[in-house]
Amino acid sequence: MATSSAETSRAVRDAATAASSAQRRGTLRRHVNLTRELAVSQFKLKYTGSVLGYVWSLVKPMMLFGIMYVIFAKLFHLDKGTTNFILQLLLAIVLWTFFVETTISAMNCIAANGNMIRKAYFPRVVLVISSTLSALMTFAINLTLIVAIAAPLGRLSFGVRTLAMLPLLLELYLLILGLSLLLSSLFVFYRDVGHIWDITLQVLIYGSAVVYPISTVPEHLRALVLMNPMAQIIEDARHALVTPDVLWSAQIMGARYAVPLGLTAIAVVLGFFVFRRLTPRFAEYL
Amino acid sequence: MTPAIVCEGVSKRFRIPLDRSTTLKYRATHPRSTSRYHDFFALQDISFEVPQGEFIGIIGHNGSGKSTLLKILSRIYTHDTGTVQINGNVSPFLELGVGFNPELTARENVYLNGAVLGLTHAELDQRIDGIIEFAELEQFVDQKLKNYSSGMQVRLAFSVAIQADAQILLMDEVLAVGDARFQEKCFDVFARYKREGKTVVLVTHDIGSVNLYCDRALLLDHGHLHADGPPGEVTALYRRMMGSVSEAEDTAGTGEHGDRWGTREVEIIATRLLDIDGGTHRVFSAGAPMIVEVDYTVHGDSVEDFLCVLRFDRADGLTLGAPESTMARLSMVRQLPGTSGTLRYKVDALPLLSASYTLTVALHDQHRGHTYDQIERVQSFRVIDEKSRPGLVELGGTWEAQPR
């Protein structure tokens with residue numbers, strides 16, 4: 001009798017566990033679904049209501065590219081001795097624009113959705129992820145367009161090394177996600193973060209080997225510049241996609257290659273940690 | 001069966017900064033400024049259980065903590081102490097159309113708002129036609145939401161909201177918006193939830209709907225759980241607690257809801273709509289008894305007799321009936337100055353079906369020569385037909401069949 005009641009209670013408990021794990025799966029599916037809906041509608045919203053729509057997201061990096069090209073190639077002749085400087089610069093600017101625009105729009109995504117946060121429950125991280133994903137869509141189109149235009153002109157050189165683009169893009173996305181989590185949660189409480197990030201970005205563009213090839217940096221400083229994850233990602237992407245003449249940053253840095261990777265990992269971990277700590281107070285503060 | 005909701009010793013404290021400093025400079029120059037807060041206890045030691053399938057109402061005055069409690073149950077706020085355990089899917093219903101974006105079309109907004117409510121794309125694919133049809137927006141489905149009237153937006157939001165099929169629904173006075181017809185729909189949905197045996201937590205000011213729908217009510221007062229019991233008792237306690245405020249609300253309309261005129265030789269002091277037990281209501285069930293009470297005082301010297309007319313109108317102005325009586329017929333002939341009393345009109349079973357109604361009270365002299373006091377739309381009330389029958393009145397006829 002005693003055993004049978006114990007068995008029954010275990011069966012009940014098992015059923016309850018099964019039900020709750022099914023419920024959890026359902027919950028996860030709903031959150032993934034919400035992330036997708038938000039990302040898609042945000043992508044649509046960015047381009048509805050303007051005549052040129054998507055074209056604008058191409059015009060901005062092209063403008064920056066044009067200015068930088070005139071200044072650094074035509075005035076300062078930084079392109080001397082650099083293989084395919086134009087595409088190196090273009091690729092760097094597309095990667096950089098993705099980094100800048102995604103972090104800035106993600107920084108606002110919590111503060112701008114105060115009503116949703118106060119009136120509905122869902123994991124708040126959904127907002128950050130959907131914001132970065134919608135920017136990722138724009139970036140994917142931009143990158144594809146540039147490759148599609150440049151490849152037939154023989155300006156790109158593909159090889160096995162091109163496959164390195166996949167881990168590099170993953171690293172870039174994780175770096176952006178980590179920073180976005182950090183910035184968006186801090187921005188709710190301190191609006192200064194917006195200005196600080198603006199200024200940081202202005203400085204960082206020159207510290208990330210965007211407008212110059214790393215080969216123009218004095219040799220003893222190269223490894224130092226490449227410790228910046230953005231510089232490392234841009235250099236490696238140039239090697240993978242544009243020309244093998246650009247060295248892997250690992251070839252330049254040796255063991256110090258762990259620094260940019262470690263910084264990216266720290267950004268992700270710190271981002272999630274800070275975001276998690278601050279999440280409970282979002283609804284009260286917004 | 002495990003209860004749907006278990007709250008044990010839940011407290012919530014809001015830290016209200018004395019001077020809200022959102023700059024880093026202040027943080028840096030005042031490193032030990034964290035104590036510059038004023039603690040406000042929105043909820044203190046709240047414990048209750050909600051069994052599955054119960055319809056529970058939470059009432060309390062403004063700032064009593066009832067919305068905070070609902071937000072804690074919705075997991076929007078985190079509580080400071082105690083435990084909250086919820087068994088089942090929850091759908092918080094704190095506002096209609098959360099996530100709506102005016103730049104997107106109705107269709108796109110349905111998917112977005114539906115996702116916020118926890119519905120997947122596939123589920124919405126199946127239901128979208130029904131949603132649009134229920135909102136009566138078939139011709140406008142691919143128009144941007146910003147081109148919609150606010151009424152259309154509410155209709156759309158509402159028809160998405162009722163799709164949420166969680167077992168536990170948390171609602172915050174969603175009913176407060178919309179016109180009379182829209183509120184009917186809300187009440188119909190309540191009736192449906194109740195039939196389907198869902199657990200519903202309703203935060204509201206409307207004592208009438210608590211009495212009508214809830215199996216149980218909680219009364220919050222300054223963050224404490226003041227009462228927990230049958231809705232009739234708890235709402236009565238709430239009314240007593242509100243004291244004069246409630247009295248003023250019951251007789252609100254005196255000059256507020258509509259126009260008032262007359263010589264005031266006989267004055268309407270107060271009006272009330274009561275159920276059979278003497279509780280005041282704004283919501284009645286079809287077929288339930290209703291009592292109208294009118295308190296009056298005679299001021300004029302020349303008043304011998306007077307006529308009281310109660311005019312019942314549907315919200316759109318259609319008059320349903322205007323029962324009248326003179327005091328003489330009630331064998332109260334001599335009306336001396338200073339006399340006061342209460343007139344009572346009783347309907348044994350309301351023959352009305354779901355709609356909103358207003359009551360106009362008028363006191364005339366017995367020949368209707370002039371008006372002593374008349375207040376248009378002094379009371380408004382709603383009739384709910386739980387069977388959702390179509391039409392305006394219950395004719396009360398009987399059926400017979402004669403097989404040949």
# chains A, B, ... in the order shown; residues from 1 in each chain; ligands from 1
>>> closest_atom_pairs(of="chain B", to="chain A", cutoff="8 Å", atoms="only C-alpha atoms", output="Markdown table")
| residue | atom | partner | partner_atom | distance |
| --- | --- | --- | --- | --- |
| B:Thr22 | CA | A:Tyr190 | CA | 4.9 |
| B:Thr23 | CA | A:Tyr190 | CA | 5.5 |
| B:Leu24 | CA | A:Tyr190 | CA | 6.5 |
| B:Ser74 | CA | A:Tyr121 | CA | 6.5 |
| B:Arg75 | CA | A:Tyr121 | CA | 6.3 |
| B:Ile76 | CA | A:Tyr121 | CA | 5.6 |
| B:Tyr77 | CA | A:Ala283 | CA | 6.5 |
| B:Thr78 | CA | A:Pro280 | CA | 6.1 |
| B:Asn89 | CA | A:Gln23 | CA | 8.0 |
| B:Pro92 | CA | A:Ala120 | CA | 6.6 |
| B:Phe93 | CA | A:Ala120 | CA | 7.8 |
| B:Leu94 | CA | A:Lys119 | CA | 5.6 |
| B:Glu95 | CA | A:Lys119 | CA | 6.3 |
| B:Val98 | CA | A:Met116 | CA | 5.9 |
| B:Gly99 | CA | A:Met116 | CA | 6.0 |
| B:Glu103 | CA | A:Leu45 | CA | 7.0 |
| B:Leu104 | CA | A:Leu45 | CA | 7.4 |
| B:Glu108 | CA | A:Ser41 | CA | 7.7 |
| B:Tyr111 | CA | A:Glu37 | CA | 7.2 |
| B:Leu112 | CA | A:Glu37 | CA | 5.8 |
| B:Ala115 | CA | A:Leu34 | CA | 4.9 |
| B:Val116 | CA | A:Leu34 | CA | 6.3 |
| B:Leu117 | CA | A:Ala120 | CA | 7.8 |
| B:Gly118 | CA | A:Arg30 | CA | 5.5 |
| B:Leu119 | CA | A:Arg30 | CA | 6.6 |
| B:Thr120 | CA | A:Asn33 | CA | 5.9 |
| B:His121 | CA | A:Asn33 | CA | 7.0 |
>>> write_last_selection(atoms="C-alpha atoms", output="short mmCIF file (atom, residue, chain, number, x, y, z; two decimals), in the first residue's frame")
data_model
loop_
_atom_site.label_atom_id
_atom_site.label_comp_id
_atom_site.auth_asym_id
_atom_site.auth_seq_id
_atom_site.Cartn_x
_atom_site.Cartn_y
_atom_site.Cartn_z
CA THR B 22 20.59 60.16 -13.90
CA THR B 23 24.06 61.45 -14.59
CA LEU B 24 27.30 59.68 -14.03
CA SER B 74 2.73 39.11 -14.30
CA ARG B 75 6.47 39.05 -13.49
CA ILE B 76 6.84 42.62 -14.72
CA TYR B 77 7.91 43.73 -11.24
CA THR B 78 10.03 41.61 -8.95
CA ASN B 89 0.50 29.68 -18.60
CA PRO B 92 -1.17 39.45 -18.52
CA PHE B 93 -3.76 41.82 -19.87
CA LEU B 94 -2.58 45.13 -18.54
CA GLU B 95 -3.22 47.16 -21.63
CA VAL B 98 0.95 46.35 -26.37
CA GLY B 99 3.58 46.70 -29.09
CA GLU B 103 3.47 52.69 -39.07
CA LEU B 104 2.64 49.02 -39.59
CA GLU B 108 1.43 43.20 -39.26
CA TYR B 111 1.30 39.34 -35.65
CA LEU B 112 3.40 41.66 -33.50
CA ALA B 115 3.68 37.56 -30.41
CA VAL B 116 3.80 39.79 -27.33
CA LEU B 117 0.82 37.85 -25.99
CA GLY B 118 2.67 34.60 -26.64
CA LEU B 119 1.03 33.42 -29.85
CA THR B 120 3.19 31.98 -32.59
CA HIS B 121 3.14 32.94 -36.24
#
>>> residues_around(residues="stretch 345-362 of chain B", least_positions_apart="5", cutoff="6 Å", atoms="only C-alpha atoms", output="ChimeraX atom specification")
/B:286-292,308-315,373-385,392-394
>>> residues_around(residues="A:Leu270", least_positions_apart="4", cutoff="12 Å", atoms="only C-alpha atoms", output="MDAnalysis selection string")
chainID A and resid 174:175 177:183 185 262:266 274:277
>>> select_by_dssp(residues="stretch 157-210 of chain B", states="strand (DSSP E or B)", output="JSON, numbers by chain")
{"B": [168, 169, 170, 171, 172, 199, 200, 201, 202, 203]}
>>> residues_around(residues="B:Gln139", least_positions_apart="6", cutoff="12 Å", atoms="only C-alpha atoms", output="ChimeraX atom specification")
/B:106-107,129,132-133,148,152
>>> select_by_dssp(residues="stretch 35-270 of chain A", states="alpha helix (DSSP H)", output="PyMOL selection string")
chain A and resi 35-47+55-68+85-112+114-119+125-150+165-189+192-207+219-226+229-237+249-253+258-270
>>> residues_around(residues="A:Tyr257", least_positions_apart="5", cutoff="8 Å", atoms="only C-alpha atoms", output="number ranges by chain")
A: 227, 249-250
>>> write_last_selection(atoms="N, CA and C atoms", output="PDB file, in the first residue's frame")
ATOM      1  N   MET A 227      45.076  44.508 -30.640  1.00  0.00           N
ATOM      2  CA  MET A 227      44.438  44.012 -29.414  1.00  0.00           C
ATOM      3  C   MET A 227      42.988  44.478 -29.339  1.00  0.00           C
ATOM      4  N   SER A 249      45.975  38.448 -38.290  1.00  0.00           N
ATOM      5  CA  SER A 249      46.481  39.154 -37.110  1.00  0.00           C
ATOM      6  C   SER A 249      47.221  38.209 -36.179  1.00  0.00           C
ATOM      7  N   ALA A 250      46.861  36.926 -36.217  1.00  0.00           N
ATOM      8  CA  ALA A 250      47.578  35.959 -35.384  1.00  0.00           C
ATOM      9  C   ALA A 250      49.047  35.885 -35.791  1.00  0.00           C
TER      10      ALA A 250
END
>>> residues_around(residues="stretch 270-273 of chain B", least_positions_apart="4", cutoff="6 Å", atoms="only C-alpha atoms", output="list in words")
Thr251, Thr280, His281, Ile291, Val292, Glu293, Val294 and Asp295 of chain B
>>> atom_distance(atom1="atom CA of A:Ala164", atom2="atom CA of A:Ile234")
12.0 Å
>>> residues_around(residues="stretch 52-66 of chain A", least_positions_apart="6", cutoff="9 Å", atoms="only C-alpha atoms", output="list in words")
Lys46, Ile86, Leu89, Leu90, Ile93, Val94, Trp96, Thr97, Thr138, Phe139, Asn142 and Val211 of chain A
>>> write_last_selection(atoms="C-alpha atoms", output="short mmCIF file (atom, residue, chain, number, x, y, z; two decimals), in the first residue's frame")
data_model
loop_
_atom_site.label_atom_id
_atom_site.label_comp_id
_atom_site.auth_asym_id
_atom_site.auth_seq_id
_atom_site.Cartn_x
_atom_site.Cartn_y
_atom_site.Cartn_z
CA LYS A 46 13.38 51.30 -40.82
CA ILE A 86 39.81 50.46 -52.23
CA LEU A 89 38.73 50.31 -47.12
CA LEU A 90 35.23 49.48 -48.35
CA ILE A 93 33.76 50.60 -43.56
CA VAL A 94 30.89 48.16 -44.08
CA TRP A 96 32.48 49.38 -39.02
CA THR A 97 29.09 50.84 -39.99
CA THR A 138 20.75 45.15 -43.31
CA PHE A 139 24.41 44.26 -42.92
CA ASN A 142 25.15 45.27 -47.72
CA VAL A 211 40.85 53.90 -42.65
#
>>> atom_distance(atom1="atom CA of B:Ala122", atom2="atom CA of B:Ser159")
17.2 Å
